[in-house]
>>> print(open('coords.txt').read())   # compact mmCIF, C-alpha atoms and all ligand atoms
# COMPACT_ATOMS: atom_id res chain seq x y z
CA MET A 1 42.21 31.52 12.75
CA SER A 2 38.83 32.77 11.61
CA GLN A 3 38.78 34.93 8.48
CA ALA A 4 41.57 37.47 8.78
CA ILE A 5 40.60 41.11 9.26
CA LEU A 6 43.89 42.12 7.69
CA SER A 7 46.04 39.96 5.47
CA VAL A 8 49.35 41.27 4.17
CA LYS A 9 51.00 39.19 1.47
CA ALA A 10 54.45 39.68 -0.09
CA LEU A 11 54.25 43.40 0.65
CA LYS A 12 57.05 45.37 -0.93
CA THR A 13 57.33 49.12 -0.40
CA VAL A 14 59.95 51.20 -2.17
CA PHE A 15 61.14 54.78 -2.06
CA ARG A 16 62.28 56.35 -5.28
CA ASP A 17 64.05 59.53 -6.16
CA ARG A 18 65.68 60.57 -9.43
CA LYS A 19 68.85 58.70 -8.64
CA SER A 20 67.82 55.58 -6.82
CA GLU A 21 65.20 53.14 -5.67
CA ARG A 22 65.34 51.68 -2.15
CA THR A 23 63.23 48.78 -0.92
CA VAL A 24 62.32 49.44 2.71
CA VAL A 25 59.69 46.73 3.18
CA ASP A 26 60.80 43.62 1.40
CA GLY A 27 58.19 40.93 0.97
CA ILE A 28 56.44 40.67 4.30
CA ASP A 29 53.46 38.42 5.08
CA PHE A 30 51.26 38.43 8.15
CA GLU A 31 47.63 38.24 9.18
CA ILE A 32 45.54 39.76 11.94
CA GLY A 33 42.46 37.83 12.99
CA SER A 34 39.38 39.07 14.79
CA ASN A 35 40.21 40.55 18.22
CA GLU A 36 43.88 39.72 17.75
CA VAL A 37 46.58 42.12 18.86
CA VAL A 38 49.62 41.68 16.68
CA ALA A 39 52.77 43.49 17.74
CA LEU A 40 55.23 44.55 15.07
CA VAL A 41 58.60 44.93 16.76
CA GLY A 42 62.15 45.77 15.84
CA GLU A 43 64.70 48.53 16.28
CA SER A 44 64.39 51.94 14.72
CA GLY A 45 64.72 51.81 10.93
CA CYS A 46 63.48 48.21 10.51
CA GLY A 47 60.48 49.30 8.45
CA LYS A 48 57.68 49.11 11.03
CA SER A 49 56.24 52.55 10.37
CA ILE A 50 56.49 52.23 6.62
CA THR A 51 54.59 48.93 6.87
CA SER A 52 51.76 50.62 8.77
CA LEU A 53 51.69 53.64 6.48
CA SER A 54 51.52 51.27 3.49
CA ILE A 55 48.47 49.59 5.04
CA MET A 56 46.76 52.92 5.75
CA GLY A 57 47.55 54.37 2.30
CA LEU A 58 49.48 57.17 3.98
CA LEU A 59 52.92 56.76 2.41
CA PRO A 60 54.80 59.94 1.56
CA ARG A 61 54.83 60.86 -2.15
CA SER A 62 58.23 59.28 -2.80
CA GLY A 63 57.04 55.95 -1.38
CA GLU A 64 54.97 53.32 -3.16
CA VAL A 65 53.67 49.81 -2.64
CA ALA A 66 55.53 48.14 -5.50
CA ASP A 67 54.25 44.60 -5.01
CA GLY A 68 52.05 42.37 -2.88
CA GLU A 69 48.58 42.57 -1.41
CA ILE A 70 47.03 44.25 1.60
CA ARG A 71 43.60 42.69 2.10
CA PHE A 72 41.16 44.22 4.56
CA ARG A 73 38.29 41.78 5.09
CA GLY A 74 39.20 40.24 1.76
CA GLN A 75 39.34 43.49 -0.24
CA ASN A 76 42.74 44.35 -1.72
CA LEU A 77 43.66 47.91 -0.76
CA VAL A 78 46.63 48.08 -3.11
CA GLY A 79 45.63 50.12 -6.12
CA LEU A 80 42.52 51.68 -4.53
CA SER A 81 42.01 55.37 -5.30
CA LYS A 82 42.82 57.97 -2.63
CA LYS A 83 39.09 58.54 -2.19
CA GLU A 84 38.29 54.86 -1.69
CA ILE A 85 41.05 54.35 0.83
CA SER A 86 40.19 57.50 2.76
CA ARG A 87 36.63 56.18 3.10
CA LEU A 88 38.01 53.09 4.87
CA ARG A 89 40.48 55.08 6.91
CA GLY A 90 39.04 56.56 10.04
CA ASN A 91 36.03 54.36 9.64
CA LYS A 92 36.89 50.67 9.39
CA MET A 93 40.59 51.29 10.04
CA ALA A 94 42.03 53.96 12.30
CA MET A 95 45.54 54.88 13.29
CA ILE A 96 47.10 56.54 16.30
CA PHE A 97 50.64 57.87 16.26
CA GLN A 98 53.49 58.54 18.66
CA GLU A 99 52.97 62.28 18.30
CA PRO A 100 49.26 63.18 18.33
CA MET A 101 50.01 66.60 16.83
CA THR A 102 50.74 64.86 13.51
CA SER A 103 47.06 64.00 13.26
CA LEU A 104 45.46 66.84 15.24
CA ASN A 105 44.88 70.16 13.54
CA PRO A 106 46.39 72.90 15.77
CA VAL A 107 43.97 75.62 14.66
CA LEU A 108 40.72 73.71 15.26
CA THR A 109 39.18 72.85 18.62
CA ILE A 110 39.08 69.21 19.70
CA GLY A 111 35.27 69.34 19.41
CA THR A 112 35.29 70.55 15.80
CA GLN A 113 37.79 67.90 14.76
CA MET A 114 35.98 65.11 16.53
CA THR A 115 32.48 65.97 15.36
CA GLU A 116 33.63 66.51 11.75
CA GLY A 117 35.27 63.09 11.74
CA VAL A 118 32.24 61.39 13.29
CA ARG A 119 29.80 63.10 10.90
CA ARG A 120 31.89 62.19 7.87
CA HIS A 121 32.29 58.55 8.81
CA LEU A 122 29.05 57.75 10.59
CA GLY A 123 26.81 60.13 8.62
CA VAL A 124 25.02 61.49 11.71
CA SER A 125 23.77 65.00 12.61
CA LYS A 126 25.97 67.56 14.33
CA GLU A 127 24.15 67.05 17.64
CA GLU A 128 24.41 63.29 17.40
CA ALA A 129 28.14 63.59 16.54
CA ALA A 130 28.70 65.80 19.61
CA LYS A 131 27.04 63.12 21.75
CA VAL A 132 29.26 60.40 20.27
CA ALA A 133 32.33 62.61 20.84
CA ASP A 134 31.35 63.26 24.47
CA ASP A 135 30.71 59.60 25.09
CA TRP A 136 34.18 58.65 23.81
CA LEU A 137 35.92 61.50 25.61
CA ARG A 138 34.33 60.24 28.84
CA ARG A 139 35.41 56.68 28.08
CA VAL A 140 39.05 57.74 27.66
CA GLY A 141 38.96 59.46 31.04
CA PHE A 142 37.65 63.02 30.62
CA PRO A 143 34.76 63.42 33.07
CA GLU A 144 33.90 66.84 31.59
CA PRO A 145 33.98 66.22 27.85
CA ALA A 146 32.32 69.51 26.86
CA ARG A 147 35.26 71.39 28.37
CA ILE A 148 37.78 69.31 26.40
CA ARG A 149 35.80 69.81 23.19
CA ARG A 150 36.29 73.58 23.50
CA GLU A 151 40.09 73.27 23.88
CA TYR A 152 42.78 73.55 21.21
CA PRO A 153 45.27 70.65 21.04
CA HIS A 154 48.31 72.68 22.21
CA ARG A 155 46.54 73.48 25.50
CA LEU A 156 46.53 69.80 26.50
CA SER A 157 49.37 67.71 27.93
CA GLY A 158 50.96 64.91 25.86
CA GLY A 159 49.01 62.23 27.71
CA MET A 160 45.73 64.11 27.28
CA ARG A 161 46.38 64.60 23.56
CA GLN A 162 47.10 60.90 23.20
CA ARG A 163 43.76 60.08 24.90
CA VAL A 164 41.96 62.57 22.66
CA MET A 165 43.50 60.95 19.58
CA LEU A 166 42.40 57.56 20.87
CA ALA A 167 38.85 58.86 21.43
CA MET A 168 38.83 60.28 17.88
CA ALA A 169 40.00 56.96 16.47
CA MET A 170 37.49 54.97 18.51
CA ALA A 171 34.53 57.26 17.81
CA CYS A 172 34.28 55.88 14.28
CA LYS A 173 34.18 52.29 15.59
CA PRO A 174 37.18 50.91 13.69
CA GLU A 175 37.49 47.17 13.17
CA LEU A 176 41.26 47.58 12.97
CA LEU A 177 43.33 50.02 15.01
CA ILE A 178 46.94 50.63 14.02
CA ALA A 179 48.87 52.04 16.96
CA ASP A 180 52.36 53.27 16.03
CA GLU A 181 54.43 53.70 19.20
CA PRO A 182 51.45 55.39 20.90
CA THR A 183 53.08 55.61 24.32
CA THR A 184 56.76 56.05 23.48
CA ALA A 185 56.80 59.81 24.03
CA LEU A 186 54.92 59.70 27.34
CA ASP A 187 56.13 59.59 30.94
CA VAL A 188 56.19 56.09 32.40
CA THR A 189 53.10 56.51 34.60
CA ILE A 190 51.07 58.12 31.82
CA GLN A 191 52.33 55.40 29.47
CA ALA A 192 50.92 52.74 31.79
CA GLN A 193 47.55 54.55 31.96
CA VAL A 194 47.28 54.84 28.18
CA LEU A 195 48.24 51.17 27.71
CA ASP A 196 45.62 50.15 30.28
CA LEU A 197 43.06 52.22 28.45
CA ILE A 198 43.89 50.68 25.06
CA ARG A 199 43.71 47.20 26.60
CA GLN A 200 40.32 47.97 28.09
CA LEU A 201 39.03 49.27 24.73
CA ILE A 202 40.28 46.16 22.95
CA ALA A 203 38.40 43.98 25.43
CA GLU A 204 35.21 46.04 25.18
CA THR A 205 35.04 46.56 21.42
CA ARG A 206 36.77 43.34 20.30
CA MET A 207 38.57 45.29 17.60
CA SER A 208 41.81 43.98 16.07
CA VAL A 209 45.04 45.86 16.61
CA LEU A 210 48.40 46.20 14.92
CA PHE A 211 50.64 47.52 17.66
CA ILE A 212 53.96 48.93 16.53
CA THR A 213 56.63 49.25 19.15
CA HIS A 214 60.32 48.76 19.84
CA ASP A 215 59.52 48.01 23.48
CA LEU A 216 59.20 44.32 24.35
CA GLY A 217 57.78 45.19 27.76
CA VAL A 218 54.81 46.74 25.96
CA VAL A 219 54.57 43.69 23.68
CA ALA A 220 54.34 41.34 26.67
CA GLU A 221 51.47 43.39 28.10
CA MET A 222 49.49 43.97 24.93
CA ALA A 223 50.03 41.41 22.21
CA THR A 224 48.60 38.03 21.37
CA ARG A 225 51.10 37.48 18.56
CA VAL A 226 54.41 39.06 17.64
CA VAL A 227 56.02 39.79 14.30
CA VAL A 228 59.72 40.67 14.56
CA MET A 229 61.12 42.78 11.72
CA TYR A 230 64.70 43.38 10.78
CA ALA A 231 65.97 45.37 7.79
CA GLY A 232 62.64 45.34 5.97
CA GLN A 233 61.93 41.63 6.46
CA ILE A 234 60.16 39.46 9.00
CA VAL A 235 62.77 37.42 10.86
CA GLU A 236 60.51 35.68 13.38
CA THR A 237 56.84 35.41 14.22
CA ALA A 238 55.10 33.49 16.99
CA ASP A 239 52.41 33.78 19.62
CA VAL A 240 53.53 36.03 22.43
CA ARG A 241 54.27 33.27 24.96
CA THR A 242 56.37 31.25 22.51
CA LEU A 243 58.30 34.30 21.44
CA PHE A 244 59.23 35.18 25.02
CA THR A 245 59.93 31.65 26.22
CA SER A 246 61.49 30.06 23.12
CA PRO A 247 62.83 32.72 20.76
CA ARG A 248 64.76 31.10 17.90
CA HIS A 249 66.21 33.96 15.88
CA PRO A 250 69.44 35.52 17.25
CA TYR A 251 67.96 38.98 16.61
CA THR A 252 64.90 38.23 18.75
CA LYS A 253 67.17 36.78 21.44
CA GLY A 254 69.23 39.97 21.26
CA LEU A 255 66.15 42.15 21.63
CA LEU A 256 65.04 40.12 24.66
CA ALA A 257 68.50 40.29 26.24
CA SER A 258 68.42 44.06 25.93
CA THR A 259 65.01 44.38 27.63
CA PRO A 260 64.72 44.72 31.42
CA ARG A 261 62.53 42.14 33.18
CA MET A 262 60.76 42.24 36.51
CA THR A 263 61.93 38.80 37.64
CA GLY A 264 63.31 40.01 40.93
CA THR A 265 66.86 38.98 40.11
CA ALA A 266 69.21 41.62 38.76
CA ARG A 267 70.24 40.83 35.21
CA LYS A 268 72.85 42.47 33.07
CA LEU A 269 71.31 43.99 29.97
CA VAL A 270 73.20 43.23 26.82
CA PRO A 271 72.54 45.64 23.97
CA ILE A 272 72.85 44.31 20.42
CA PRO A 273 76.10 45.74 19.05
CA GLY A 274 75.87 47.88 15.90
CA SER A 275 72.72 49.24 14.30
CA VAL A 276 70.19 48.44 11.57
CA PRO A 277 71.77 49.13 8.17
CA PRO A 278 70.06 51.85 6.15
CA ALA A 279 67.59 50.69 3.50
CA GLY A 280 69.40 50.00 0.24
CA GLN A 281 72.49 48.74 2.04
CA TYR A 282 71.26 45.35 3.10
CA ALA A 283 73.52 42.31 2.69
CA ALA A 284 72.60 39.92 -0.11
CA SER A 285 72.74 37.02 2.39
CA CYS A 286 71.43 37.10 5.98
CA ARG A 287 70.82 40.78 6.73
CA PHE A 288 71.59 40.30 10.43
CA ALA A 289 74.82 38.33 9.96
CA ASP A 290 77.11 41.32 10.55
CA ARG A 291 75.66 41.86 14.02
CA CYS A 292 74.92 38.24 14.89
CA PRO A 293 76.94 36.66 17.71
CA GLN A 294 76.24 33.19 16.26
CA ALA A 295 77.03 33.96 12.61
CA ARG A 296 78.95 31.30 10.69
CA PRO A 297 80.56 31.60 7.25
CA GLU A 298 77.51 30.01 5.56
CA CYS A 299 75.30 32.82 6.93
CA ARG A 300 77.10 35.15 4.54
CA GLU A 301 76.70 32.79 1.61
CA GLN A 302 72.97 32.10 1.47
CA VAL A 303 69.70 33.96 1.73
CA PRO A 304 67.72 32.52 4.66
CA GLU A 305 64.03 31.86 4.08
CA LEU A 306 61.28 32.35 6.61
CA ARG A 307 60.66 28.73 7.63
CA ASP A 308 57.92 27.10 9.62
CA ALA A 309 58.99 25.92 13.06
CA GLY A 310 55.54 24.49 13.92
CA GLY A 311 52.54 25.91 15.75
CA GLY A 312 52.51 29.16 13.81
CA HIS A 313 56.14 29.87 14.74
CA GLN A 314 58.28 31.02 11.79
CA VAL A 315 61.99 31.84 11.77
CA ARG A 316 64.35 33.24 9.14
CA CYS A 317 67.68 31.74 10.24
CA ILE A 318 69.63 28.78 8.88
CA LEU A 319 70.89 27.99 12.39
CA ALA A 320 67.48 27.98 14.10
N1 LIG A 401 60.21 59.37 3.51
C1 LIG A 401 61.21 58.49 3.38
N2 LIG A 401 62.00 58.50 2.28
C2 LIG A 401 62.98 57.59 2.13
N3 LIG A 401 63.26 56.61 3.01
C3 LIG A 401 62.50 56.55 4.11
C4 LIG A 401 61.42 57.46 4.35
N4 LIG A 401 60.84 57.14 5.53
C5 LIG A 401 61.52 56.08 6.01
N5 LIG A 401 62.51 55.71 5.15
C6 LIG A 401 63.46 54.60 5.33
O1 LIG A 401 62.73 53.40 5.48
C7 LIG A 401 63.38 52.54 6.41
C8 LIG A 401 62.36 52.08 7.43
O2 LIG A 401 61.87 53.20 8.18
P1 LIG A 401 60.69 53.11 9.26
O3 LIG A 401 60.37 54.50 9.67
O4 LIG A 401 59.60 52.27 8.72
O5 LIG A 401 61.39 52.34 10.44
P2 LIG A 401 60.81 52.02 11.87
O6 LIG A 401 61.16 50.60 12.13
O7 LIG A 401 59.38 52.39 11.97
O8 LIG A 401 61.66 52.96 12.78
P3 LIG A 401 61.18 54.10 13.80
O9 LIG A 401 60.75 53.37 15.03
O10 LIG A 401 62.41 54.93 14.01
O11 LIG A 401 60.08 54.84 13.10
C9 LIG A 401 64.55 53.31 7.01
O12 LIG A 401 65.75 52.89 6.38
C10 LIG A 401 64.22 54.74 6.64
O13 LIG A 401 65.41 55.48 6.44
>>> encode(input="coords.txt", output="structure tokens", more="lines below")
Ligand SMILES: Nc1ncnc2c1ncn2[C@@H]1O[C@H](COP(=O)(O)OP(=O)(O)OP(=O)(O)O)[C@@H](O)[C@H]1O
Amino acid sequence: MSQAILSVKALKTVFRDRKSERTVVDGIDFEIGSNEVVALVGESGCGKSITSLSIMGLLPRSGEVADGEIRFRGQNLVGLSKKEISRLRGNKMAMIFQEPMTSLNPVLTIGTQMTEGVRRHLGVSKEEAAKVADDWLRRVGFPEPARIRREYPHRLSGGMRQRVMLAMAMACKPELLIADEPTTALDVTIQAQVLDLIRQLIAETRMSVLFITHDLGVVAEMATRVVVMYAGQIVETADVRTLFTSPRHPYTKGLLASTPRMTGTARKLVPIPGSVPPAGQYAASCRFADRCPQARPECREQVPELRDAGGGHQVRCILA
């Protein structure tokens, strides 16, 4: 891989309150190269969102990166001041969320929000910023951008808001886009349109993407590489083809077995029994052992390491 755009090393994120400390991201390592689309997958509660918020410097007040490095083009973001990280955010790195209203201001028009962001990050005049905004609104499928600029977010549909958020993110020409479940809340047809649009933008701009999703169908369509998370750790990582054709971790196999495929033959979907344990209640051995159909006594006696399986494929399972 050429020099990584993003390199996450031994990242540990904790939440603290007066009574306790809980580690929700527990020593994860991964890299995103130029024009790579890395999917971070796993069930709800695995730590995907907290990983992305750690990278963007957007953790809630009770959360903190307690250890590790997050390097963006070589620069460690851990320990940067709020001001320094906000300069990078929205400029070199942008993020889109499942619910656009979390990042859109309900009392400002789309135009005001877009032009302010563009002016701040690109340092251009108001007129120039309006042109950039219009250009991006057109590119995400609004043929009459001036009309959209005059609207308030609540007047748009979910799919339109998602496209507006994408245009806002793209207008500042990010080198890295973090997309956290950007299509999960949308209807299936709108979901497909937004995914197509993101794919087209990736091809055109050659940006790198961290795509967070629990949906393996979306992974197959979007990703070049996949990182599978379980209970705050990476349990398997491989290029997308290897992960789908030769998964080695029982958790990944379980995720695949619970995902519908368009193979033409009807297949019974098998959900993984049980659910992800809450942070702070992880087993001291293999964290998946309690739900694993292949678990043996030794799985409850040792801590499995993430081991190399060759060709960039890594697996955290003593049976793999
Ligand atoms: N603000 C918070 N304070 C304390 N714990 C939190 C907070 N936010 C998340 N957590 C905990 O961190 C763990 C990981 O949550 P995270 O939201 O990253 O999971 P996720 O894989 O992104 O799931 P989802 O798809 O549901 O967002 C969970 O156990 C969750 O309860």
>>> residues_near_ligand(input="coords.txt", ligand="ligand LIG 401 (chain A)", cutoff="10 Å", atoms="only C-alpha atoms and all ligand atoms", output="PyMOL selection string")
chain A and resi 13-17+21-25+40-54+59-63+98+180-181+184+212-214+229-232+276-282
>>> closest_residue(input="coords.txt", among="A:Pro100, A:Pro247, A:Gly117, A:Pro297", to="Ala179 in chain A", atoms="only C-alpha atoms")
A:Pro100
>>> atom_distance(input="coords.txt", atom1="CA of Ser208 in chain A", atom2="CA of Leu177 in chain A")
6.3 Å
>>> closest_residue(input="coords.txt", among="A:Ile85, A:Glu31, A:Gln233, A:Thr112", to="Lys12 in chain A", atoms="only C-alpha atoms")
A:Gln233
>>> closest_residue(input="coords.txt", among="A:Leu306, A:Cys299, A:Leu216, A:Ala238", to="Gly27 in chain A", atoms="all atoms listed in the file")
A:Leu306
>>> atom_distance(input="coords.txt", atom1="CA of Val194 in chain A", atom2="CA of Ile55 in chain A")
23.8 Å
>>> closest_residue(input="coords.txt", among="A:Ala10, A:Met222, A:Met160, A:Ala167", to="Ile190 in chain A", atoms="all atoms listed in the file")
A:Met160
>>> residues_near_point(input="coords.txt", point="(34.0, 64.2, 17.8)", cutoff="10 Å", atoms="all atoms listed in the file", output="PyMOL selection string")
chain A and resi 110-119+126+128-137+149+164+167-172
>>> write_last_selection(input="coords.txt", atoms="C-alpha atoms", output="PDB file, in the frame of the given file")
ATOM      1  CA  ILE A 110      39.080  69.210  19.700  1.00  0.00           C
ATOM      2  CA  GLY A 111      35.270  69.340  19.410  1.00  0.00           C
ATOM      3  CA  THR A 112      35.290  70.550  15.800  1.00  0.00           C
ATOM      4  CA  GLN A 113      37.790  67.900  14.760  1.00  0.00           C
ATOM      5  CA  MET A 114      35.980  65.110  16.530  1.00  0.00           C
ATOM      6  CA  THR A 115      32.480  65.970  15.360  1.00  0.00           C
ATOM      7  CA  GLU A 116      33.630  66.510  11.750  1.00  0.00           C
ATOM      8  CA  GLY A 117      35.270  63.090  11.740  1.00  0.00           C
ATOM      9  CA  VAL A 118      32.240  61.390  13.290  1.00  0.00           C
ATOM     10  CA  ARG A 119      29.800  63.100  10.900  1.00  0.00           C
ATOM     11  CA  LYS A 126      25.970  67.560  14.330  1.00  0.00           C
ATOM     12  CA  GLU A 128      24.410  63.290  17.400  1.00  0.00           C
ATOM     13  CA  ALA A 129      28.140  63.590  16.540  1.00  0.00           C
ATOM     14  CA  ALA A 130      28.700  65.800  19.610  1.00  0.00           C
ATOM     15  CA  LYS A 131      27.040  63.120  21.750  1.00  0.00           C
ATOM     16  CA  VAL A 132      29.260  60.400  20.270  1.00  0.00           C
ATOM     17  CA  ALA A 133      32.330  62.610  20.840  1.00  0.00           C
ATOM     18  CA  ASP A 134      31.350  63.260  24.470  1.00  0.00           C
ATOM     19  CA  ASP A 135      30.710  59.600  25.090  1.00  0.00           C
ATOM     20  CA  TRP A 136      34.180  58.650  23.810  1.00  0.00           C
ATOM     21  CA  LEU A 137      35.920  61.500  25.610  1.00  0.00           C
ATOM     22  CA  ARG A 149      35.800  69.810  23.190  1.00  0.00           C
ATOM     23  CA  VAL A 164      41.960  62.570  22.660  1.00  0.00           C
ATOM     24  CA  ALA A 167      38.850  58.860  21.430  1.00  0.00           C
ATOM     25  CA  MET A 168      38.830  60.280  17.880  1.00  0.00           C
ATOM     26  CA  ALA A 169      40.000  56.960  16.470  1.00  0.00           C
ATOM     27  CA  MET A 170      37.490  54.970  18.510  1.00  0.00           C
ATOM     28  CA  ALA A 171      34.530  57.260  17.810  1.00  0.00           C
ATOM     29  CA  CYS A 172      34.280  55.880  14.280  1.00  0.00           C
TER      30      CYS A 172
END
>>> residues_around(input="coords.txt", residues="Ser157 in chain A", least_positions_apart="2", cutoff="12 Å", atoms="only C-alpha atoms", output="PyMOL selection string")
chain A and resi 99-101+148+151-155+159-164+185-187+190
>>> atom_distance(input="coords.txt", atom1="CA of Leu195 in chain A", atom2="CA of Thr183 in chain A")
7.4 Å
>>> residues_around(input="coords.txt", residues="Asp308 in chain A", least_positions_apart="5", cutoff="10 Å", atoms="only C-alpha atoms", output="number ranges by chain")
A: 236-237, 313-316
>>> residues_around(input="coords.txt", residues="Arg71 in chain A", least_positions_apart="5", cutoff="8 Å", atoms="all atoms listed in the file", output="MDAnalysis selection string")
chainID A and resid 5:8 76:77
>>> closest_residue(input="coords.txt", among="A:Thr245, A:Thr224, A:Gln200, A:Ser125", to="Gly33 in chain A", atoms="all atoms listed in the file")
A:Thr224
>>> decode(input="coords.txt", residues="range 79-138 of chain A", atoms="C-alpha atoms", output="PDB file, in the first residue's frame")
ATOM      1  CA  GLY A  79      -3.692  15.144  21.704  1.00  0.00           C
ATOM      2  CA  LEU A  80      -4.382  17.893  19.131  1.00  0.00           C
ATOM      3  CA  SER A  81      -6.310  20.883  20.467  1.00  0.00           C
ATOM      4  CA  LYS A  82     -10.010  21.261  19.607  1.00  0.00           C
ATOM      5  CA  LYS A  83      -9.082  24.126  17.296  1.00  0.00           C
ATOM      6  CA  GLU A  84      -6.444  22.134  15.407  1.00  0.00           C
ATOM      7  CA  ILE A  85      -8.702  19.148  14.915  1.00  0.00           C
ATOM      8  CA  SER A  86     -11.650  21.268  13.820  1.00  0.00           C
ATOM      9  CA  ARG A  87      -9.413  22.796  11.145  1.00  0.00           C
ATOM     10  CA  LEU A  88      -8.840  19.310   9.715  1.00  0.00           C
ATOM     11  CA  ARG A  89     -12.453  18.301  10.122  1.00  0.00           C
ATOM     12  CA  GLY A  90     -14.676  19.392   7.301  1.00  0.00           C
ATOM     13  CA  ASN A  91     -11.617  20.176   5.260  1.00  0.00           C
ATOM     14  CA  LYS A  92      -9.259  17.228   4.908  1.00  0.00           C
ATOM     15  CA  MET A  93     -11.634  14.857   6.711  1.00  0.00           C
ATOM     16  CA  ALA A  94     -15.413  14.959   6.543  1.00  0.00           C
ATOM     17  CA  MET A  95     -18.108  12.820   8.062  1.00  0.00           C
ATOM     18  CA  ILE A  96     -21.659  11.963   7.111  1.00  0.00           C
ATOM     19  CA  PHE A  97     -24.079  10.361   9.544  1.00  0.00           C
ATOM     20  CA  GLN A  98     -27.126   8.121   9.520  1.00  0.00           C
ATOM     21  CA  GLU A  99     -29.321  11.035  10.551  1.00  0.00           C
ATOM     22  CA  PRO A 100     -28.391  14.219   8.650  1.00  0.00           C
ATOM     23  CA  MET A 101     -30.260  16.357  11.195  1.00  0.00           C
ATOM     24  CA  THR A 102     -27.440  15.650  13.681  1.00  0.00           C
ATOM     25  CA  SER A 103     -25.140  17.736  11.517  1.00  0.00           C
ATOM     26  CA  LEU A 104     -27.588  20.154   9.872  1.00  0.00           C
ATOM     27  CA  ASN A 105     -28.697  23.221  11.775  1.00  0.00           C
ATOM     28  CA  PRO A 106     -32.539  23.321  11.704  1.00  0.00           C
ATOM     29  CA  VAL A 107     -32.780  27.119  11.933  1.00  0.00           C
ATOM     30  CA  LEU A 108     -30.406  27.966   9.068  1.00  0.00           C
ATOM     31  CA  THR A 109     -31.074  27.524   5.359  1.00  0.00           C
ATOM     32  CA  ILE A 110     -29.101  24.909   3.446  1.00  0.00           C
ATOM     33  CA  GLY A 111     -27.409  27.746   1.520  1.00  0.00           C
ATOM     34  CA  THR A 112     -26.197  29.553   4.648  1.00  0.00           C
ATOM     35  CA  GLN A 113     -24.804  26.357   6.143  1.00  0.00           C
ATOM     36  CA  MET A 114     -23.087  25.296   2.953  1.00  0.00           C
ATOM     37  CA  THR A 115     -21.541  28.636   2.085  1.00  0.00           C
ATOM     38  CA  GLU A 116     -20.340  29.210   5.669  1.00  0.00           C
ATOM     39  CA  GLY A 117     -18.623  25.830   5.661  1.00  0.00           C
ATOM     40  CA  VAL A 118     -17.042  26.392   2.250  1.00  0.00           C
ATOM     41  CA  ARG A 119     -15.834  29.901   3.169  1.00  0.00           C
ATOM     42  CA  ARG A 120     -14.348  28.704   6.440  1.00  0.00           C
ATOM     43  CA  HIS A 121     -12.502  25.773   4.929  1.00  0.00           C
ATOM     44  CA  LEU A 122     -11.588  27.014   1.471  1.00  0.00           C
ATOM     45  CA  GLY A 123     -11.175  30.701   2.370  1.00  0.00           C
ATOM     46  CA  VAL A 124     -13.145  31.970  -0.647  1.00  0.00           C
ATOM     47  CA  SER A 125     -15.588  34.886  -1.078  1.00  0.00           C
ATOM     48  CA  LYS A 126     -19.307  34.539  -0.419  1.00  0.00           C
ATOM     49  CA  GLU A 127     -20.069  34.534  -4.152  1.00  0.00           C
ATOM     50  CA  GLU A 128     -17.411  31.958  -4.868  1.00  0.00           C
ATOM     51  CA  ALA A 129     -18.707  29.790  -1.979  1.00  0.00           C
ATOM     52  CA  ALA A 130     -22.253  29.970  -3.403  1.00  0.00           C
ATOM     53  CA  LYS A 131     -20.891  28.770  -6.756  1.00  0.00           C
ATOM     54  CA  VAL A 132     -19.076  25.853  -5.110  1.00  0.00           C
ATOM     55  CA  ALA A 133     -22.259  24.990  -3.165  1.00  0.00           C
ATOM     56  CA  ASP A 134     -24.377  25.073  -6.334  1.00  0.00           C
ATOM     57  CA  ASP A 135     -21.898  22.948  -8.201  1.00  0.00           C
ATOM     58  CA  TRP A 136     -21.963  20.260  -5.496  1.00  0.00           C
ATOM     59  CA  LEU A 137     -25.730  20.394  -5.077  1.00  0.00           C
ATOM     60  CA  ARG A 138     -26.021  19.769  -8.827  1.00  0.00           C
TER      61      ARG A 138
END
